[in-house]
>>> print(open('input-v4.txt').read())   # compact mmCIF, C-alpha atoms and all ligand atoms
# COMPACT_ATOMS: atom_id res chain seq x y z
CA MET A 8 0.00 0.00 0.00
CA SER A 9 1.48 3.38 -0.99
CA ALA A 10 1.30 6.53 1.14
CA PRO A 11 -1.81 8.69 0.71
CA SER A 12 -1.33 11.29 -2.00
CA MET A 13 -4.21 13.58 -1.00
CA THR A 14 -5.36 15.18 2.25
CA LEU A 15 -9.01 15.68 3.15
CA TYR A 16 -10.02 18.33 5.67
CA HIS A 17 -12.34 16.24 7.75
CA ASN A 18 -14.77 16.11 10.66
CA SER A 19 -16.75 12.90 11.11
CA LEU A 20 -19.82 14.87 12.23
CA SER A 21 -20.17 16.74 8.94
CA PRO A 22 -22.63 15.10 6.54
CA PHE A 23 -20.87 16.82 3.64
CA VAL A 24 -17.58 15.21 4.65
CA ARG A 25 -19.33 11.89 5.11
CA LYS A 26 -20.50 11.90 1.49
CA VAL A 27 -16.89 12.11 0.38
CA MET A 28 -15.82 9.38 2.80
CA VAL A 29 -18.61 7.06 1.65
CA LEU A 30 -17.68 7.58 -1.99
CA LEU A 31 -14.03 6.88 -1.18
CA HIS A 32 -15.04 3.58 0.46
CA GLU A 33 -17.48 2.62 -2.28
CA THR A 34 -14.80 3.17 -4.94
CA GLY A 35 -11.93 1.58 -3.00
CA GLN A 36 -9.96 4.81 -2.76
CA GLN A 37 -9.89 5.35 1.01
CA ASP A 38 -6.16 4.63 1.25
CA ARG A 39 -5.36 7.43 -1.20
CA VAL A 40 -6.51 10.11 1.27
CA ALA A 41 -5.03 11.20 4.60
CA LEU A 42 -7.47 12.87 7.00
CA GLN A 43 -6.78 16.24 8.58
CA ASP A 44 -9.28 16.67 11.38
CA CYS A 45 -10.81 20.13 11.78
CA VAL A 46 -12.84 21.59 14.60
CA LEU A 47 -14.86 24.53 13.36
CA THR A 48 -18.13 26.42 13.44
CA PRO A 49 -19.28 29.38 11.33
CA VAL A 50 -17.94 31.70 14.06
CA SER A 51 -14.70 29.85 14.82
CA PRO A 52 -12.76 29.01 11.67
CA ASP A 53 -10.09 26.31 11.64
CA SER A 54 -6.70 28.04 11.38
CA THR A 55 -5.09 25.31 9.23
CA LEU A 56 -8.02 25.07 6.87
CA ILE A 57 -8.31 28.78 6.06
CA ASP A 58 -4.93 28.77 4.33
CA ASP A 59 -6.40 26.31 1.83
CA ASN A 60 -10.04 27.43 1.87
CA PRO A 61 -10.67 31.02 2.95
CA LEU A 62 -14.33 30.10 3.51
CA SER A 63 -13.21 27.70 6.28
CA LYS A 64 -15.67 25.10 5.06
CA ILE A 65 -15.24 21.35 4.96
CA PRO A 66 -14.70 19.18 3.09
CA ALA A 67 -11.76 20.54 1.12
CA LEU A 68 -9.32 18.26 -0.65
CA HIS A 69 -5.61 18.96 -1.05
CA LEU A 70 -4.38 17.15 -4.16
CA ALA A 71 -0.89 15.73 -4.69
CA ASP A 72 0.15 18.67 -6.87
CA GLY A 73 -0.95 21.19 -4.24
CA THR A 74 -4.27 22.07 -5.89
CA ILE A 75 -7.15 22.58 -3.44
CA ILE A 76 -10.66 21.60 -4.46
CA HIS A 77 -13.98 22.20 -2.72
CA ASP A 78 -16.95 21.98 -2.06
CA SER A 79 -18.27 18.42 -1.54
CA ARG A 80 -19.94 18.31 -4.97
CA VAL A 81 -16.72 19.20 -6.75
CA ILE A 82 -14.74 16.72 -4.65
CA LEU A 83 -17.22 13.92 -5.39
CA ASP A 84 -17.02 14.67 -9.09
CA TYR A 85 -13.21 14.69 -8.97
CA LEU A 86 -12.92 11.44 -7.01
CA ASP A 87 -15.50 9.72 -9.18
CA GLN A 88 -13.24 10.34 -12.16
CA GLN A 89 -10.26 8.77 -10.36
CA HIS A 90 -11.36 5.12 -10.24
CA VAL A 91 -11.94 2.44 -12.83
CA GLY A 92 -15.25 1.04 -11.58
CA ASN A 93 -18.74 2.09 -12.63
CA PRO A 94 -19.18 5.86 -12.22
CA LEU A 95 -21.22 6.91 -9.18
CA ILE A 96 -22.15 10.12 -10.97
CA PRO A 97 -23.60 9.37 -14.40
CA ARG A 98 -21.40 11.07 -16.97
CA GLU A 99 -24.18 12.17 -19.32
CA GLY A 100 -27.81 11.99 -20.29
CA SER A 101 -30.98 12.48 -18.29
CA ALA A 102 -29.70 10.14 -15.53
CA ARG A 103 -26.92 12.63 -14.78
CA TRP A 104 -29.32 15.54 -14.16
CA ARG A 105 -31.81 13.43 -12.23
CA ARG A 106 -29.22 11.87 -9.91
CA LEU A 107 -27.51 15.22 -9.32
CA THR A 108 -30.87 16.83 -8.59
CA LEU A 109 -31.65 14.17 -5.99
CA ALA A 110 -28.17 14.77 -4.55
CA SER A 111 -28.89 18.50 -4.47
CA LEU A 112 -32.12 17.85 -2.58
CA ALA A 113 -30.13 15.83 -0.04
CA ASP A 114 -27.57 18.64 0.24
CA GLY A 115 -30.45 21.01 0.97
CA ILE A 116 -31.58 18.74 3.81
CA MET A 117 -28.02 18.82 5.15
CA ASP A 118 -27.79 22.62 4.81
CA ALA A 119 -31.03 23.18 6.69
CA SER A 120 -30.15 20.59 9.33
CA VAL A 121 -26.70 22.02 9.98
CA MET A 122 -28.05 25.58 10.16
CA VAL A 123 -30.70 24.55 12.67
CA ARG A 124 -28.00 22.83 14.71
CA TYR A 125 -25.83 25.95 14.74
CA GLU A 126 -28.73 28.23 15.65
CA LEU A 127 -29.64 25.98 18.57
CA VAL A 128 -26.15 25.44 19.97
CA LEU A 129 -24.31 28.64 19.12
CA ARG A 130 -26.92 31.28 19.95
CA ALA A 131 -28.42 31.99 23.32
CA PRO A 132 -31.96 30.55 23.65
CA GLU A 133 -33.51 34.02 24.01
CA LYS A 134 -32.03 34.94 20.61
CA HIS A 135 -33.35 31.91 18.74
CA TRP A 136 -35.35 32.92 15.68
CA ASP A 137 -38.24 30.50 15.95
CA GLU A 138 -39.89 31.31 12.60
CA TRP A 139 -36.59 30.76 10.82
CA LEU A 140 -36.04 27.49 12.68
CA ASP A 141 -39.53 26.33 11.73
CA ALA A 142 -38.94 27.29 8.09
CA GLN A 143 -35.74 25.22 7.99
CA ARG A 144 -37.49 22.25 9.59
CA ASP A 145 -40.31 22.61 7.03
CA LYS A 146 -37.74 22.45 4.21
CA ILE A 147 -36.41 19.20 5.65
CA ARG A 148 -39.90 17.73 6.00
CA ARG A 149 -40.92 18.72 2.46
CA ALA A 150 -37.74 17.32 0.94
CA LEU A 151 -38.14 14.03 2.79
CA ALA A 152 -41.79 13.82 1.71
CA LEU A 153 -40.75 14.26 -1.92
CA LEU A 154 -38.17 11.48 -1.61
CA GLU A 155 -40.79 9.23 -0.01
CA LYS A 156 -43.32 9.96 -2.76
CA ASP A 157 -41.12 9.97 -5.86
CA ALA A 158 -37.65 8.55 -5.34
CA ILE A 159 -37.68 5.24 -3.48
CA ALA A 160 -37.27 3.07 -6.58
CA GLU A 161 -34.50 5.31 -7.88
CA LEU A 162 -32.67 5.29 -4.57
CA THR A 163 -32.97 1.51 -4.39
CA SER A 164 -31.63 1.00 -7.91
CA HIS A 165 -28.07 2.27 -7.36
CA PHE A 166 -25.95 3.31 -4.41
CA ASP A 167 -24.56 6.29 -6.31
CA VAL A 168 -24.22 10.03 -5.74
CA ALA A 169 -27.97 10.42 -5.14
CA ALA A 170 -28.28 7.52 -2.70
CA ILE A 171 -25.03 8.36 -0.90
CA SER A 172 -26.17 11.95 -0.43
CA VAL A 173 -29.62 11.01 0.86
CA ALA A 174 -28.16 8.40 3.21
CA CYS A 175 -25.70 10.92 4.67
CA ALA A 176 -28.45 13.52 5.04
CA LEU A 177 -30.64 11.05 6.94
CA GLY A 178 -27.69 10.05 9.12
CA TYR A 179 -27.20 13.66 10.11
CA VAL A 180 -30.92 14.24 10.79
CA ASP A 181 -30.81 11.19 13.08
CA LEU A 182 -27.69 12.50 14.80
CA ARG A 183 -28.78 16.09 15.46
CA HIS A 184 -32.54 16.20 15.01
CA PRO A 185 -34.10 12.95 16.27
CA ASP A 186 -37.04 15.10 17.44
CA LEU A 187 -38.15 15.38 13.80
CA GLN A 188 -39.15 11.69 13.92
CA TRP A 189 -38.94 11.53 10.14
CA ARG A 190 -39.56 7.75 10.02
CA ASP A 191 -43.16 8.20 11.21
CA THR A 192 -44.17 9.96 7.99
CA ASN A 193 -41.68 8.36 5.58
CA PRO A 194 -41.85 4.58 6.10
CA GLN A 195 -40.43 3.59 2.70
CA LEU A 196 -37.50 5.94 3.10
CA ALA A 197 -36.95 4.51 6.57
CA ALA A 198 -36.88 0.95 5.21
CA TRP A 199 -34.46 1.95 2.45
CA TYR A 200 -32.21 3.76 4.94
CA PHE A 201 -32.22 0.76 7.28
CA GLU A 202 -30.84 -1.37 4.44
CA VAL A 203 -28.18 1.03 3.18
CA SER A 204 -27.02 1.82 6.72
CA GLN A 205 -25.59 -1.72 6.84
CA ARG A 206 -23.22 -1.10 3.95
CA PRO A 207 -19.55 -1.24 4.97
CA SER A 208 -19.06 2.31 3.63
CA MET A 209 -21.83 3.64 5.88
CA LEU A 210 -20.69 1.66 8.93
CA ALA A 211 -17.08 2.82 8.48
CA THR A 212 -18.13 6.48 8.34
CA MET A 213 -20.50 6.68 11.28
CA PRO A 214 -20.24 10.10 13.02
CA LYS A 215 -18.03 9.93 16.14
CA VAL A 216 -19.62 12.15 18.79
C1 LIG A 301 -21.96 19.11 13.91
O1 LIG A 301 -21.35 18.98 14.97
O2 LIG A 301 -23.18 18.91 13.83
C2 LIG A 301 -21.20 19.51 12.68
C3 LIG A 301 -19.80 19.52 12.74
C4 LIG A 301 -19.08 19.90 11.59
C5 LIG A 301 -19.76 20.24 10.43
C6 LIG A 301 -21.15 20.20 10.41
C7 LIG A 301 -21.86 19.86 11.53
>>> encode(input="input-v4.txt", output="C-alpha cells")
Amino acid sequence: MSAPSMTLYHNSLSPFVRKVMVLLHETGQQDRVALQDCVLTPVSPDSTLIDDNPLSKIPALHLADGTIIHDSRVILDYLDQQHVGNPLIPREGSARWRRLTLASLADGIMDASVMVRYELVLRAPEKHWDEWLDAQRDKIRRALALLEKDAIAELTSHFDVAAISVACALGYVDLRHPDLQWRDTNPQLAAWYFEVSQRPSMLATMPKV
C-alpha cells in the first residue's frame, strides 16, 4: 500500500464530509486520502483550513500537486473520475441531471439541518429565531416527503451520488434532530435507509460524537 497522495479536511460529524468518505469507500480509494481533522463552526474558523479554503468550510481536498478543491460536490465529481469502476455520478444523459438533482435535494436537507443545529447550539436561547427554525425544519420535511413519494425506486436501484447523499443527510438528521421523527411519515424511506445503513461504507463512516 502506498502513502496517501491527498489530504481531506475532515470532521466525522459533517454530513458533507461523510458523502466524500462514503464515496471513497465505495470506490476503493480510502487509502489514497489522509485525513486532517478540523474543529470549526461558522464563528470559529479552523486556522489550518483557512490557508487552503478562505471560507473555512469542509470538506476541502488537497491534491498531490498542491491544488485545493472544494466543495463536496466538486470533490465527489473529482474522485468519481479517479477510479476504474462504474461511475457513481452518471457522466451524461438524463440520468446525470436526475441523480444530481436528488443529490442537491439531499444537500439542501443537510444545509437546513446544519443551520438549525448551529442556531440551537451557538446562539443563546432568548435569541433563537423561531420562525426561521420552523422554516428550515419545514424544508427538511418537504424534501423528505418528496423522496418518499417519488424517489424510493431510484434510490434503491443504485448506491450512487444520489443515494449516498440522501443516506448521509438522513444520518445527520438522526444525529442532530431525532425530534423530527422523520420515520413516522416516511416509512419507505426509513426501510431503504435501514438497508443502506448496513453497507460497509456507511458503517465505516458513522459520526463519532
Ligand atoms: C456538527 O457537529 O453537527 C457539525 C460539525 C461539523 C460540520 C457540520 C456539523
>>> closest_atom_pairs(input="input-v4.txt", of="chain A", to="ligand LIG 301 (chain A)", cutoff="10 Å", atoms="only C-alpha atoms and all ligand atoms", output="tab-separated table")
residue	atom	partner	partner_atom	distance
A:His17	CA	A:LIG301	C4	8.6
A:Asn18	CA	A:LIG301	C4	5.8
A:Ser19	CA	A:LIG301	C4	7.4
A:Leu20	CA	A:LIG301	C3	4.7
A:Ser21	CA	A:LIG301	C5	3.8
A:Pro22	CA	A:LIG301	C6	6.6
A:Phe23	CA	A:LIG301	C6	7.6
A:Val24	CA	A:LIG301	C5	8.0
A:Arg25	CA	A:LIG301	C5	9.9
A:Cys45	CA	A:LIG301	C4	8.3
A:Val46	CA	A:LIG301	C4	7.1
A:Leu47	CA	A:LIG301	C4	6.5
A:Thr48	CA	A:LIG301	C4	6.8
A:Pro49	CA	A:LIG301	C5	9.2
A:Lys64	CA	A:LIG301	C5	8.3
A:Ile65	CA	A:LIG301	C5	7.2
A:Pro66	CA	A:LIG301	C5	9.0
A:Met117	CA	A:LIG301	C6	8.8
A:Asp118	CA	A:LIG301	C6	9.0
A:Ser120	CA	A:LIG301	O2	8.5
A:Val121	CA	A:LIG301	C7	5.5
A:Met122	CA	A:LIG301	C7	8.5
A:Val123	CA	A:LIG301	O2	9.5
A:Arg124	CA	A:LIG301	O2	6.3
A:Tyr125	CA	A:LIG301	O2	7.6
A:Val128	CA	A:LIG301	O2	9.4
A:Tyr179	CA	A:LIG301	O2	7.6
A:Val180	CA	A:LIG301	O2	9.5
A:Leu182	CA	A:LIG301	O2	7.9
A:Arg183	CA	A:LIG301	O2	6.5
A:His184	CA	A:LIG301	O2	9.8
A:Pro214	CA	A:LIG301	O1	9.2
A:Lys215	CA	A:LIG301	O1	9.7
A:Val216	CA	A:LIG301	O1	8.0
>>> write_last_selection(input="input-v4.txt", atoms="C-alpha atoms", output="PDB file, keeping the file's coordinate frame")
ATOM      1  CA  HIS A  17     -12.340  16.240   7.750  1.00  0.00           C
ATOM      2  CA  ASN A  18     -14.770  16.110  10.660  1.00  0.00           C
ATOM      3  CA  SER A  19     -16.750  12.900  11.110  1.00  0.00           C
ATOM      4  CA  LEU A  20     -19.820  14.870  12.230  1.00  0.00           C
ATOM      5  CA  SER A  21     -20.170  16.740   8.940  1.00  0.00           C
ATOM      6  CA  PRO A  22     -22.630  15.100   6.540  1.00  0.00           C
ATOM      7  CA  PHE A  23     -20.870  16.820   3.640  1.00  0.00           C
ATOM      8  CA  VAL A  24     -17.580  15.210   4.650  1.00  0.00           C
ATOM      9  CA  ARG A  25     -19.330  11.890   5.110  1.00  0.00           C
ATOM     10  CA  CYS A  45     -10.810  20.130  11.780  1.00  0.00           C
ATOM     11  CA  VAL A  46     -12.840  21.590  14.600  1.00  0.00           C
ATOM     12  CA  LEU A  47     -14.860  24.530  13.360  1.00  0.00           C
ATOM     13  CA  THR A  48     -18.130  26.420  13.440  1.00  0.00           C
ATOM     14  CA  PRO A  49     -19.280  29.380  11.330  1.00  0.00           C
ATOM     15  CA  LYS A  64     -15.670  25.100   5.060  1.00  0.00           C
ATOM     16  CA  ILE A  65     -15.240  21.350   4.960  1.00  0.00           C
ATOM     17  CA  PRO A  66     -14.700  19.180   3.090  1.00  0.00           C
ATOM     18  CA  MET A 117     -28.020  18.820   5.150  1.00  0.00           C
ATOM     19  CA  ASP A 118     -27.790  22.620   4.810  1.00  0.00           C
ATOM     20  CA  SER A 120     -30.150  20.590   9.330  1.00  0.00           C
ATOM     21  CA  VAL A 121     -26.700  22.020   9.980  1.00  0.00           C
ATOM     22  CA  MET A 122     -28.050  25.580  10.160  1.00  0.00           C
ATOM     23  CA  VAL A 123     -30.700  24.550  12.670  1.00  0.00           C
ATOM     24  CA  ARG A 124     -28.000  22.830  14.710  1.00  0.00           C
ATOM     25  CA  TYR A 125     -25.830  25.950  14.740  1.00  0.00           C
ATOM     26  CA  VAL A 128     -26.150  25.440  19.970  1.00  0.00           C
ATOM     27  CA  TYR A 179     -27.200  13.660  10.110  1.00  0.00           C
ATOM     28  CA  VAL A 180     -30.920  14.240  10.790  1.00  0.00           C
ATOM     29  CA  LEU A 182     -27.690  12.500  14.800  1.00  0.00           C
ATOM     30  CA  ARG A 183     -28.780  16.090  15.460  1.00  0.00           C
ATOM     31  CA  HIS A 184     -32.540  16.200  15.010  1.00  0.00           C
ATOM     32  CA  PRO A 214     -20.240  10.100  13.020  1.00  0.00           C
ATOM     33  CA  LYS A 215     -18.030   9.930  16.140  1.00  0.00           C
ATOM     34  CA  VAL A 216     -19.620  12.150  18.790  1.00  0.00           C
TER      35      VAL A 216
END
>>> axis_aligned_box(input="input-v4.txt", around="segment 120-124 of chain A", padding_each_side="3 Å", output="lines of an AutoDock Vina configuration file")
center_x = -28.7
center_y = 23.1
center_z = 12.0
size_x = 10.0
size_y = 11.0
size_z = 11.4
>>> closest_residue(input="input-v4.txt", among="A:Asp58, A:His32, A:Ile75, A:Leu153", to="Leu15 of chain A", atoms="only C-alpha atoms")
A:Ile75
>>> residues_near_point(input="input-v4.txt", point="(-36.4, 20.8, 2.5)", cutoff="12 Å", atoms="only C-alpha atoms", output="PyMOL selection string")
chain A and resi 109+111-120+141-154+176+180
>>> closest_residue(input="input-v4.txt", among="A:Leu196, A:Leu107, A:Met13, A:Val40", to="Thr74 of chain A", atoms="all atoms listed in the file")
A:Met13
>>> atom_distance(input="input-v4.txt", atom1="atom CA of Leu42 of chain A", atom2="atom CA of Pro97 of chain A")
27.0 Å
>>> residues_around(input="input-v4.txt", residues="Ser204 of chain A", least_positions_apart="3", cutoff="12 Å", atoms="all atoms listed in the file", output="NGL selection string")
:A and (29 or 166 or 170-171 or 173-178 or 181 or 196-201 or 207-213)
>>> atom_distance(input="input-v4.txt", atom1="atom CA of Arg105 of chain A", atom2="atom CA of Thr34 of chain A")
21.2 Å
>>> atom_distance(input="input-v4.txt", atom1="atom CA of Ala169 of chain A", atom2="atom CA of Pro194 of chain A")
18.8 Å
>>> closest_residue(input="input-v4.txt", among="A:Val50, A:Ala67, A:Ala110, A:Ala160", to="Arg130 of chain A", atoms="all atoms listed in the file")
A:Val50
>>> closest_residue(input="input-v4.txt", among="A:Leu30, A:Asp167, A:Gln43, A:Glu155", to="Arg103 of chain A", atoms="only C-alpha atoms")
A:Asp167
>>> closest_residue(input="input-v4.txt", among="A:Met28, A:Ser63, A:Arg106, A:Ser164", to="Ser51 of chain A", atoms="only C-alpha atoms")
A:Ser63
>>> closest_residue(input="input-v4.txt", among="A:Glu126, A:Asp87, A:Glu202, A:Glu133", to="Glu33 of chain A", atoms="only C-alpha atoms")
A:Asp87
>>> decode(input="input-v4.txt", residues="segment 77-90 of chain A", atoms="all heavy atoms", output="short mmCIF file (atom, residue, chain, number, x, y, z; two decimals), in the first residue's frame")
data_model
loop_
_atom_site.label_atom_id
_atom_site.label_comp_id
_atom_site.auth_asym_id
_atom_site.auth_seq_id
_atom_site.Cartn_x
_atom_site.Cartn_y
_atom_site.Cartn_z
N HIS A 77 -12.79 22.24 -3.57
CA HIS A 77 -13.98 22.20 -2.72
C HIS A 77 -15.11 22.73 -3.58
O HIS A 77 -14.85 23.31 -4.64
CB HIS A 77 -13.78 23.03 -1.44
CG HIS A 77 -13.43 24.46 -1.68
ND1 HIS A 77 -14.35 25.42 -2.04
CD2 HIS A 77 -12.23 25.11 -1.66
CE1 HIS A 77 -13.74 26.59 -2.19
NE2 HIS A 77 -12.44 26.43 -1.98
N ASP A 78 -16.38 22.55 -3.26
CA ASP A 78 -16.95 21.98 -2.06
C ASP A 78 -17.17 20.46 -2.26
O ASP A 78 -16.55 19.87 -3.15
CB ASP A 78 -18.27 22.66 -1.70
CG ASP A 78 -19.31 22.58 -2.82
OD1 ASP A 78 -19.03 21.93 -3.85
OD2 ASP A 78 -20.40 23.15 -2.70
N SER A 79 -18.09 19.88 -1.48
CA SER A 79 -18.27 18.42 -1.54
C SER A 79 -18.68 17.95 -2.93
O SER A 79 -18.27 16.88 -3.38
CB SER A 79 -19.29 17.96 -0.49
OG SER A 79 -20.55 18.53 -0.73
N ARG A 80 -19.48 18.76 -3.64
CA ARG A 80 -19.94 18.31 -4.97
C ARG A 80 -18.77 18.21 -5.94
O ARG A 80 -18.68 17.29 -6.75
CB ARG A 80 -20.96 19.29 -5.54
CG ARG A 80 -22.20 19.41 -4.69
CD ARG A 80 -23.15 20.45 -5.28
NE ARG A 80 -23.99 20.96 -4.22
CZ ARG A 80 -25.25 21.37 -4.40
NH1 ARG A 80 -25.80 21.35 -5.59
NH2 ARG A 80 -25.93 21.81 -3.38
N VAL A 81 -17.89 19.19 -5.86
CA VAL A 81 -16.72 19.20 -6.75
C VAL A 81 -15.79 18.04 -6.38
O VAL A 81 -15.25 17.34 -7.25
CB VAL A 81 -15.98 20.55 -6.64
CG1 VAL A 81 -14.76 20.58 -7.54
CG2 VAL A 81 -16.92 21.70 -6.98
N ILE A 82 -15.62 17.81 -5.09
CA ILE A 82 -14.74 16.72 -4.65
C ILE A 82 -15.31 15.36 -5.10
O ILE A 82 -14.57 14.49 -5.58
CB ILE A 82 -14.55 16.75 -3.12
CG1 ILE A 82 -13.85 18.05 -2.70
CG2 ILE A 82 -13.77 15.54 -2.64
CD1 ILE A 82 -13.79 18.28 -1.20
N LEU A 83 -16.62 15.19 -4.95
CA LEU A 83 -17.22 13.92 -5.39
C LEU A 83 -17.00 13.71 -6.88
O LEU A 83 -16.65 12.60 -7.33
CB LEU A 83 -18.72 13.89 -5.09
CG LEU A 83 -19.17 13.83 -3.63
CD1 LEU A 83 -20.70 13.76 -3.57
CD2 LEU A 83 -18.59 12.62 -2.92
N ASP A 84 -17.19 14.76 -7.64
CA ASP A 84 -17.02 14.67 -9.09
C ASP A 84 -15.57 14.31 -9.41
O ASP A 84 -15.29 13.41 -10.22
CB ASP A 84 -17.40 16.02 -9.71
CG ASP A 84 -17.70 15.91 -11.19
OD1 ASP A 84 -17.50 14.84 -11.77
OD2 ASP A 84 -18.13 16.93 -11.76
N TYR A 85 -14.64 14.98 -8.74
CA TYR A 85 -13.21 14.69 -8.97
C TYR A 85 -12.90 13.22 -8.64
O TYR A 85 -12.32 12.49 -9.46
CB TYR A 85 -12.35 15.63 -8.12
CG TYR A 85 -10.88 15.30 -8.21
CD1 TYR A 85 -10.12 15.73 -9.29
CD2 TYR A 85 -10.26 14.52 -7.23
CE1 TYR A 85 -8.78 15.40 -9.40
CE2 TYR A 85 -8.92 14.20 -7.33
CZ TYR A 85 -8.17 14.64 -8.42
OH TYR A 85 -6.86 14.30 -8.52
N LEU A 86 -13.28 12.80 -7.45
CA LEU A 86 -12.92 11.44 -7.01
C LEU A 86 -13.60 10.37 -7.87
O LEU A 86 -13.05 9.29 -8.08
CB LEU A 86 -13.26 11.24 -5.53
CG LEU A 86 -12.40 12.05 -4.56
CD1 LEU A 86 -12.95 11.93 -3.14
CD2 LEU A 86 -10.93 11.59 -4.59
N ASP A 87 -14.80 10.70 -8.35
CA ASP A 87 -15.50 9.72 -9.18
C ASP A 87 -14.82 9.54 -10.53
O ASP A 87 -15.08 8.56 -11.23
CB ASP A 87 -16.97 10.13 -9.36
CG ASP A 87 -17.82 8.99 -9.88
OD1 ASP A 87 -17.60 7.83 -9.40
OD2 ASP A 87 -18.66 9.22 -10.76
N GLN A 88 -13.98 10.48 -10.90
CA GLN A 88 -13.24 10.34 -12.16
C GLN A 88 -11.85 9.73 -11.95
O GLN A 88 -11.06 9.64 -12.86
CB GLN A 88 -13.11 11.71 -12.82
CG GLN A 88 -14.47 12.35 -12.97
CD GLN A 88 -14.64 13.21 -14.19
OE1 GLN A 88 -13.86 13.13 -15.12
NE2 GLN A 88 -15.69 14.01 -14.18
N GLN A 89 -11.58 9.28 -10.71
CA GLN A 89 -10.26 8.77 -10.36
C GLN A 89 -10.25 7.26 -10.14
O GLN A 89 -9.29 6.74 -9.59
CB GLN A 89 -9.74 9.45 -9.08
CG GLN A 89 -9.64 10.95 -9.16
CD GLN A 89 -8.62 11.38 -10.19
OE1 GLN A 89 -7.48 10.89 -10.18
NE2 GLN A 89 -9.01 12.26 -11.08
N HIS A 90 -11.34 6.58 -10.44
CA HIS A 90 -11.36 5.12 -10.24
C HIS A 90 -11.86 4.46 -11.51
O HIS A 90 -12.43 5.12 -12.38
CB HIS A 90 -12.23 4.74 -9.03
CG HIS A 90 -13.69 5.00 -9.24
ND1 HIS A 90 -14.58 4.03 -9.60
CD2 HIS A 90 -14.40 6.16 -9.16
CE1 HIS A 90 -15.78 4.56 -9.72
NE2 HIS A 90 -15.71 5.85 -9.46
#
